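Note: the block below is my_file.cif and it holds mmCIF, C-alpha atoms.
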data_target
loop_
_atom_site.group_PDB
_atom_site.id
_atom_site.type_symbol
_atom_site.label_atom_id
_atom_site.label_comp_id
_atom_site.auth_asym_id
_atom_site.auth_seq_id
_atom_site.Cartn_x
_atom_site.Cartn_y
_atom_site.Cartn_z
ATOM 1 C CA MET A 1 -116.798 -146.597 -20.719
ATOM 2 C CA ASP A 2 -116.366 -142.984 -19.714
ATOM 3 C CA ALA A 3 -116.748 -139.909 -21.921
ATOM 4 C CA LEU A 4 -113.006 -139.615 -22.612
ATOM 5 C CA GLU A 5 -112.901 -143.172 -23.996
ATOM 6 C CA VAL A 6 -115.877 -142.422 -26.252
ATOM 7 C CA ILE A 7 -114.186 -139.261 -27.553
ATOM 8 C CA LYS A 8 -110.969 -141.196 -28.167
ATOM 9 C CA ASN A 9 -112.877 -143.837 -30.143
ATOM 10 C CA VAL A 10 -114.527 -141.128 -32.275
ATOM 11 C CA VAL A 11 -111.135 -139.540 -32.954
ATOM 12 C CA LEU A 12 -109.742 -142.989 -33.810
ATOM 13 C CA ALA A 13 -112.597 -143.476 -36.299
ATOM 14 C CA LEU A 14 -111.706 -140.124 -37.885
ATOM 15 C CA HIS A 15 -108.065 -141.216 -38.020
ATOM 16 C CA ILE A 16 -109.062 -144.387 -39.886
ATOM 17 C CA ILE A 17 -111.199 -142.311 -42.261
ATOM 18 C CA GLY A 18 -108.079 -140.212 -42.933
ATOM 19 C CA VAL A 19 -106.110 -143.371 -43.744
ATOM 20 C CA ALA A 20 -108.891 -144.511 -46.089
ATOM 21 C CA SER A 21 -108.943 -141.119 -47.803
ATOM 22 C CA LEU A 22 -105.172 -141.044 -48.231
ATOM 23 C CA LEU A 23 -104.907 -144.596 -49.534
ATOM 24 C CA GLY A 24 -108.105 -144.354 -51.587
ATOM 25 C CA GLY A 25 -106.932 -141.150 -53.221
ATOM 26 C CA MET A 26 -103.730 -142.846 -54.273
ATOM 27 C CA LEU A 27 -105.562 -145.922 -55.545
ATOM 28 C CA THR A 28 -107.720 -143.713 -57.786
ATOM 29 C CA GLN A 29 -104.510 -142.556 -59.463
ATOM 30 C CA MET A 30 -103.231 -146.066 -60.247
ATOM 31 C CA LYS A 31 -104.595 -146.044 -63.812
ATOM 32 C CA ALA A 32 -103.109 -142.596 -64.407
ATOM 33 C CA MET A 33 -99.670 -143.947 -63.396
ATOM 34 C CA LYS A 34 -99.598 -145.943 -66.630
ATOM 35 C CA THR A 35 -100.061 -142.795 -68.701
ATOM 36 C CA GLY A 36 -97.845 -140.590 -66.528
ATOM 37 C CA THR A 37 -100.627 -138.138 -65.689
ATOM 38 C CA THR A 38 -100.925 -138.679 -61.954
ATOM 39 C CA LYS A 39 -101.747 -135.808 -59.642
ATOM 40 C CA ILE A 40 -102.409 -135.201 -55.970
ATOM 41 C CA VAL A 41 -106.170 -135.417 -55.708
ATOM 42 C CA PRO A 42 -107.778 -133.620 -52.735
ATOM 43 C CA ALA A 43 -108.420 -136.954 -50.981
ATOM 44 C CA ILE A 44 -104.666 -137.537 -50.664
ATOM 45 C CA PHE A 45 -103.882 -134.148 -49.178
ATOM 46 C CA HIS A 46 -106.931 -134.048 -46.903
ATOM 47 C CA GLY A 47 -106.376 -137.645 -45.766
ATOM 48 C CA ALA A 48 -102.799 -136.804 -44.752
ATOM 49 C CA TRP A 49 -103.974 -133.680 -42.926
ATOM 50 C CA THR A 50 -106.731 -135.616 -41.128
ATOM 51 C CA MET A 51 -104.308 -138.354 -40.078
ATOM 52 C CA LEU A 52 -101.812 -135.818 -38.769
ATOM 53 C CA ALA A 53 -104.366 -133.862 -36.742
ATOM 54 C CA THR A 54 -106.178 -136.888 -35.311
ATOM 55 C CA GLY A 55 -102.913 -138.730 -34.613
ATOM 56 C CA ILE A 56 -101.684 -135.845 -32.476
ATOM 57 C CA ILE A 57 -105.010 -135.766 -30.627
ATOM 58 C CA LEU A 58 -104.917 -139.547 -30.050
ATOM 59 C CA VAL A 59 -101.439 -139.405 -28.530
ATOM 60 C CA GLY A 60 -102.483 -136.511 -26.316
ATOM 61 C CA MET A 61 -105.521 -138.453 -25.122
ATOM 62 C CA ASP A 62 -103.490 -141.520 -24.123
ATOM 63 C CA TYR A 63 -101.881 -139.785 -21.162
ATOM 64 C CA PRO A 64 -105.059 -138.859 -19.239
ATOM 65 C CA LEU A 65 -106.456 -142.318 -19.961
ATOM 66 C CA GLY A 66 -103.437 -143.882 -18.257
ATOM 67 C CA HIS A 67 -102.045 -145.496 -21.399
ATOM 68 C CA PRO A 68 -98.664 -143.918 -22.087
ATOM 69 C CA PRO A 69 -97.947 -144.353 -25.797
ATOM 70 C CA ASN A 70 -94.902 -146.059 -27.258
ATOM 71 C CA ASN A 71 -92.987 -142.872 -28.031
ATOM 72 C CA ILE A 72 -90.562 -144.528 -30.455
ATOM 73 C CA LYS A 73 -93.443 -145.985 -32.483
ATOM 74 C CA ILE A 74 -95.317 -142.679 -32.462
ATOM 75 C CA SER A 75 -92.159 -140.796 -33.489
ATOM 76 C CA VAL A 76 -91.587 -143.107 -36.459
ATOM 77 C CA LYS A 77 -95.232 -142.829 -37.519
ATOM 78 C CA LEU A 78 -95.133 -139.056 -37.135
ATOM 79 C CA LEU A 79 -91.978 -138.809 -39.225
ATOM 80 C CA LEU A 80 -93.534 -140.909 -41.999
ATOM 81 C CA LEU A 81 -96.711 -138.856 -41.915
ATOM 82 C CA ILE A 82 -94.835 -135.553 -42.023
ATOM 83 C CA VAL A 83 -92.960 -136.777 -45.106
ATOM 84 C CA ILE A 84 -96.284 -137.844 -46.685
ATOM 85 C CA PHE A 85 -97.822 -134.471 -45.847
ATOM 86 C CA VAL A 86 -94.854 -132.472 -47.170
ATOM 87 C CA ILE A 87 -94.628 -134.444 -50.422
ATOM 88 C CA SER A 88 -98.380 -134.130 -51.028
ATOM 89 C CA PHE A 89 -98.363 -130.422 -50.139
ATOM 90 C CA MET A 90 -95.413 -129.651 -52.416
ATOM 91 C CA ASN A 91 -97.074 -131.447 -55.322
ATOM 92 C CA LYS A 92 -100.765 -130.670 -54.829
ATOM 93 C CA LYS A 93 -100.905 -127.943 -57.495
ATOM 94 C CA LYS A 94 -98.965 -129.834 -60.131
ATOM 95 C CA ASP A 95 -100.959 -131.251 -63.031
ATOM 96 C CA LYS A 96 -98.393 -133.990 -63.603
ATOM 97 C CA LEU A 97 -96.302 -135.615 -60.889
ATOM 98 C CA ALA A 98 -92.771 -136.913 -61.115
ATOM 99 C CA SER A 99 -92.782 -140.688 -61.498
ATOM 100 C CA TRP A 100 -91.469 -141.257 -57.949
ATOM 101 C CA VAL A 101 -94.101 -139.229 -56.034
ATOM 102 C CA LEU A 102 -97.125 -141.530 -55.983
ATOM 103 C CA PRO A 103 -95.212 -144.790 -55.400
ATOM 104 C CA THR A 104 -93.292 -143.117 -52.564
ATOM 105 C CA LEU A 105 -96.525 -141.912 -50.965
ATOM 106 C CA MET A 106 -98.001 -145.407 -51.282
ATOM 107 C CA VAL A 107 -94.999 -147.103 -49.677
ATOM 108 C CA LEU A 108 -94.916 -144.571 -46.821
ATOM 109 C CA THR A 109 -98.661 -144.914 -46.223
ATOM 110 C CA ILE A 110 -98.533 -148.708 -46.186
ATOM 111 C CA ALA A 111 -95.497 -148.601 -43.881
ATOM 112 C CA ASN A 112 -97.440 -146.313 -41.537
ATOM 113 C CA ILE A 113 -100.379 -148.739 -41.498
ATOM 114 C CA VAL A 114 -98.131 -151.761 -40.895
ATOM 115 C CA ILE A 115 -96.342 -149.990 -38.028
ATOM 116 C CA ALA A 116 -99.668 -148.988 -36.488
ATOM 117 C CA THR A 117 -101.047 -152.510 -36.585
ATOM 118 C CA THR A 118 -98.002 -154.655 -35.803
ATOM 119 C CA TRP A 119 -95.695 -152.668 -33.521
ATOM 120 C CA HIS A 120 -96.849 -152.962 -29.901
#
In structure tokens, what does this structure look like?
Amino acid sequence: MDALEVIKNVVLALHIIGVASLLGGMLTQMKAMKTGTTKIVPAIFHGAWTMLATGIILVGMDYPLGHPPNNIKISVKLLLLIVIFVISFMNKKKDKLASWVLPTLMVLTIANIVIATTWH
């Protein structure tokens, strides 16, 4: 395994940590959904940002490694992640979210994970 592969694996680990942060942040708000007091905790926003940054790096690293990415899959994932990022950014300073925000973020995040793991 050469140095570029090692770097890619480290970036992939950071990408997975971003997914865990995003999903974990939303899961911490599940109880608050019942009372209508949900908010964008820092883990949600920072997880989305981490996923976006590391995802771009991962795609860029595929080319020199000789593994051209599936551009349609990456485009769909990028679109979902941009929507997640925009929704979380627009709502990060609100003390109380609209009832649709957190469920939408959850569905988009889970869709992103399913696409990443099943679409080859």
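Distance-wise, atom CA of Ser99 of chain A and atom CA of Phe85 of chain A end up 17.6 Å apart.
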Would you write out, as a ChimeraX atom specification, every residue that the PyMOL selection byres ((chain A and resi 108) around 12) captures in this file? /A:19,22-23,26,48,76-85,87-88,101-107,109-115
Restricting the calculation to only C-alpha atoms: of A:Met33, A:Leu4, A:Leu97, A:Ala53, which residue gets closest to Gly66 of chain A? A:Leu4
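Of the listed residues (A:Glu5, A:Met90, A:Thr28, A:Val41), A:Glu5 comes nearest to Pro64 of chain A; the distances count all atoms listed in the file.
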Quick check on the file I pasted: which residues fall under the PyMOL selection byres ((chain A and resi 40) around 9)? Write them as a VMD selection string. chain A and resid 25 to 26 29 38 to 39 41 to 45 88 to 89 91 to 97 102
Got time to write the residues from that selection, C-alpha atoms, as a tab-separated table (two decimals), in the frame of the given file?
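Once written, part-v2.tsv looks like this:
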chain	number	residue	atom	x	y	z
A	25	GLY	CA	-106.93	-141.15	-53.22
A	26	MET	CA	-103.73	-142.85	-54.27
A	29	GLN	CA	-104.51	-142.56	-59.46
A	38	THR	CA	-100.92	-138.68	-61.95
A	39	LYS	CA	-101.75	-135.81	-59.64
A	41	VAL	CA	-106.17	-135.42	-55.71
A	42	PRO	CA	-107.78	-133.62	-52.74
A	43	ALA	CA	-108.42	-136.95	-50.98
A	44	ILE	CA	-104.67	-137.54	-50.66
A	45	PHE	CA	-103.88	-134.15	-49.18
A	88	SER	CA	-98.38	-134.13	-51.03
A	89	PHE	CA	-98.36	-130.42	-50.14
A	91	ASN	CA	-97.07	-131.45	-55.32
A	92	LYS	CA	-100.76	-130.67	-54.83
A	93	LYS	CA	-100.90	-127.94	-57.50
A	94	LYS	CA	-98.96	-129.83	-60.13
A	95	ASP	CA	-100.96	-131.25	-63.03
A	96	LYS	CA	-98.39	-133.99	-63.60
A	97	LEU	CA	-96.30	-135.62	-60.89
A	102	LEU	CA	-97.12	-141.53	-55.98
At most 6 Å from (-108.0, -140.8, -41.3), file frame, only C-alpha atoms: which residues, as a PyMOL selection string? chain A and resi 14-19+47+50-51
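You will find atom CA of Gly60 of chain A at 16.3 Å from atom CA of Ala116 of chain A.
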Quick check, in Å to one decimal: how far apart do atom CA of Ser21 of chain A and atom CA of Leu65 of chain A lie? 28.0 Å
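If all atoms listed in the file are the atoms counted, then among A:Ile74, A:Leu52, A:Met61, A:Ala98 the closest residue to Val86 of chain A is A:Leu52.
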My list of candidates is A:His46, A:His120, A:Lys31, A:Lys8. Which is closest to Lys73 of chain A when distances are computed with all atoms listed in the file? A:His120
Edge lengths and centre, in Å to one decimal, as lines of an AutoDock Vina configuration file: that's what I need for the box along x, y and z that holds all listed atoms of segment 8-27 of chain A plus 3 Å on each side.
center_x = -109.1
center_y = -142.7
center_z = -41.9
size_x = 16.8
size_y = 12.4
size_z = 33.4
